[in-house]
Amino acid sequence: MRAVSELGLRRGNALSQEDWLNLMDEEGRVRDQVALRRFIFYGGMEDSVRPVVWKFLLGLHSYNSTYAEREEINTKKKEEYRALKNQWMSISAAQEARFAKFRERRSRVEKDVLRTDRHHPFFEGEDNANLNILNDILLTYSFYNFDIGYCQGMSDLAGPILSVIQDEELSFWCFACLMDVMEKNFHKDQSGMHTQLLQL
């Protein structure tokens with residue numbers, strides 16, 4: 001991959017907390033999402049704003065939403081996530097014995113989570129609780145989207161989101177938003193991949 005400088009582009013400053021606040025009006029709406037995206041494209045963003053800005057970039061929060069609206073959305077989404085998670089957590093051993101699809105999906109998730117990059121500080125160590133959270137997010141997603149369920153590679157998308165957002169419920173919804181865009185890449189017939197290859 002060519003460096004930004006090789007493309008004749010000048011690298012800018014990373015988006016800071018001050019820059020981020022200046023891009024919003026007094027009620028918290030992003031005034032110019034194109035300017036925000038340009039800022040990030042040329043300079044990236046500081047770690048301090050990443051958990052907030054990613055929620056916009058991934059589609060959880062609308063650029064036109066206010067501070068109050070986002071608080072309301074977060075509360076609602078956290079409740080929805082807990083209800084979804086409870087669907088599989090409440091499955092009894094007797095039910096699980098008769099639920100092959102659930103056993104299969106759980107096994108796939110567990111295997112993929114074990115492959116998570118342990119060199120990343122957020123996931124390092126043998127008994128890292130963040131791996132359990134990642135596992136729960138992915139298994140809950142398989143109940144949220146029954147058609148797709150779980151496919152290998154989803155953990156590679158959910159892991160970075162969790163490491164940045166660092167909130168189980170909101171990480172799930174950011175991942176779900178990303179999957180709304182990426183879902184075709186995970187269809188069994190690989191139609192999404194074929195379409196993208198034909199466009200090259």
# chains A, B, ... in the order shown; residues from 1 in each chain; ligands from 1
>>> select_by_dssp(residues="chain A", states="strand (DSSP E or B)", output="CSV table (one decimal) with all heavy atoms, in the first residue's frame")
chain,number,residue,atom,x,y,z
A,15,LEU,N,-7.6,14.2,14.6
A,15,LEU,CA,-8.8,14.8,15.2
A,15,LEU,C,-8.7,14.7,16.7
A,15,LEU,O,-8.5,13.7,17.3
A,15,LEU,CB,-10.1,14.1,14.8
A,15,LEU,CG,-11.4,14.6,15.3
A,15,LEU,CD1,-11.8,15.9,14.5
A,15,LEU,CD2,-12.5,13.6,15.1
A,24,MET,N,-19.3,20.3,16.2
A,24,MET,CA,-20.7,20.1,16.7
A,24,MET,C,-21.4,21.4,17.1
A,24,MET,O,-20.7,22.3,17.5
A,24,MET,CB,-20.8,19.1,17.8
A,24,MET,CG,-20.5,17.7,17.5
A,24,MET,SD,-20.8,16.5,18.8
A,24,MET,CE,-19.5,17.0,19.9
A,30,VAL,N,-23.6,17.0,14.6
A,30,VAL,CA,-22.4,17.3,13.8
A,30,VAL,C,-22.7,18.2,12.6
A,30,VAL,O,-23.6,17.9,11.8
A,30,VAL,CB,-21.8,15.9,13.2
A,30,VAL,CG1,-20.6,16.2,12.3
A,30,VAL,CG2,-21.4,15.0,14.4
A,45,MET,N,-7.5,10.1,14.1
A,45,MET,CA,-8.0,10.7,15.3
A,45,MET,C,-7.3,10.2,16.5
A,45,MET,O,-6.7,9.2,16.6
A,45,MET,CB,-9.5,10.4,15.4
A,45,MET,CG,-9.9,8.9,15.7
A,45,MET,SD,-11.6,8.6,15.6
A,45,MET,CE,-11.9,8.1,13.9
>>> closest_atom_pairs(of="region 142-170 of chain A", to="region 59-69 of chain A", cutoff="12 Å", atoms="only C-alpha atoms", output="Markdown table")
| residue | atom | partner | partner_atom | distance |
| --- | --- | --- | --- | --- |
| A:Ile165 | CA | A:Leu60 | CA | 11.7 |
| A:Glu169 | CA | A:Leu60 | CA | 11.6 |
| A:Leu170 | CA | A:Leu60 | CA | 8.3 |
>>> write_last_selection(atoms="C-alpha atoms", output="PDB file, in the first residue's frame")
ATOM      1  CA  ILE A 165     -15.796   1.270  22.437  1.00  0.00           C
ATOM      2  CA  GLU A 169     -23.867  -3.396  24.759  1.00  0.00           C
ATOM      3  CA  LEU A 170     -22.848  -0.484  22.536  1.00  0.00           C
TER       4      LEU A 170
END
>>> select_by_dssp(residues="region 141-195 of chain A", states="helix (DSSP H, G or I)", output="PyMOL selection string")
chain A and resi 141-144+154-165+168-186+191-195
>>> residues_around(residues="region 94-111 of chain A", least_positions_apart="6", cutoff="8 Å", atoms="only C-alpha atoms", output="number ranges by chain")
A: 135, 138-139, 142, 149-152, 155
>>> atom_distance(atom1="CA of Val49 (chain A)", atom2="CA of Val164 (chain A)")
9.8 Å
>>> atom_distance(atom1="CA of Val53 (chain A)", atom2="CA of Phe123 (chain A)")
22.1 Å
>>> closest_residue(among="A:Asn132, A:Asp117, A:Tyr42, A:Tyr81", to="Ser171 (chain A)", atoms="only C-alpha atoms")
A:Tyr81
>>> closest_residue(among="A:Arg70, A:Arg29, A:Lys77, A:Arg38", to="Ala14 (chain A)", atoms="only C-alpha atoms")
A:Arg38
>>> decode(residues="region 85-112 of chain A", atoms="C-alpha atoms", output="mmCIF file, in the first residue's frame")
data_model
loop_
_atom_site.group_PDB
_atom_site.id
_atom_site.type_symbol
_atom_site.label_atom_id
_atom_site.label_comp_id
_atom_site.auth_asym_id
_atom_site.auth_seq_id
_atom_site.Cartn_x
_atom_site.Cartn_y
_atom_site.Cartn_z
ATOM 1 C CA LYS A 85 -28.437 -11.933 25.296
ATOM 2 C CA ASN A 86 -30.902 -13.420 27.742
ATOM 3 C CA GLN A 87 -32.423 -15.484 24.899
ATOM 4 C CA TRP A 88 -29.394 -17.757 24.736
ATOM 5 C CA MET A 89 -28.280 -17.419 28.348
ATOM 6 C CA SER A 90 -31.635 -18.802 29.528
ATOM 7 C CA ILE A 91 -31.343 -21.977 27.427
ATOM 8 C CA SER A 92 -31.302 -24.911 29.811
ATOM 9 C CA ALA A 93 -28.990 -27.920 29.480
ATOM 10 C CA ALA A 94 -31.979 -30.028 28.394
ATOM 11 C CA GLN A 95 -32.902 -27.497 25.702
ATOM 12 C CA GLU A 96 -29.311 -27.227 24.508
ATOM 13 C CA ALA A 97 -29.132 -31.014 24.109
ATOM 14 C CA ARG A 98 -31.949 -30.684 21.547
ATOM 15 C CA PHE A 99 -30.652 -27.515 19.866
ATOM 16 C CA ALA A 100 -27.897 -28.585 17.462
ATOM 17 C CA LYS A 101 -27.766 -25.219 15.667
ATOM 18 C CA PHE A 102 -27.046 -23.417 18.954
ATOM 19 C CA ARG A 103 -24.323 -25.894 19.940
ATOM 20 C CA GLU A 104 -22.732 -25.549 16.518
ATOM 21 C CA ARG A 105 -22.758 -21.742 16.577
ATOM 22 C CA ARG A 106 -21.438 -21.576 20.122
ATOM 23 C CA SER A 107 -18.595 -23.925 19.221
ATOM 24 C CA ARG A 108 -17.648 -21.785 16.184
ATOM 25 C CA VAL A 109 -17.681 -18.594 18.237
ATOM 26 C CA GLU A 110 -15.555 -20.109 21.004
ATOM 27 C CA LYS A 111 -12.966 -21.380 18.506
ATOM 28 C CA ASP A 112 -12.730 -18.012 16.765
#
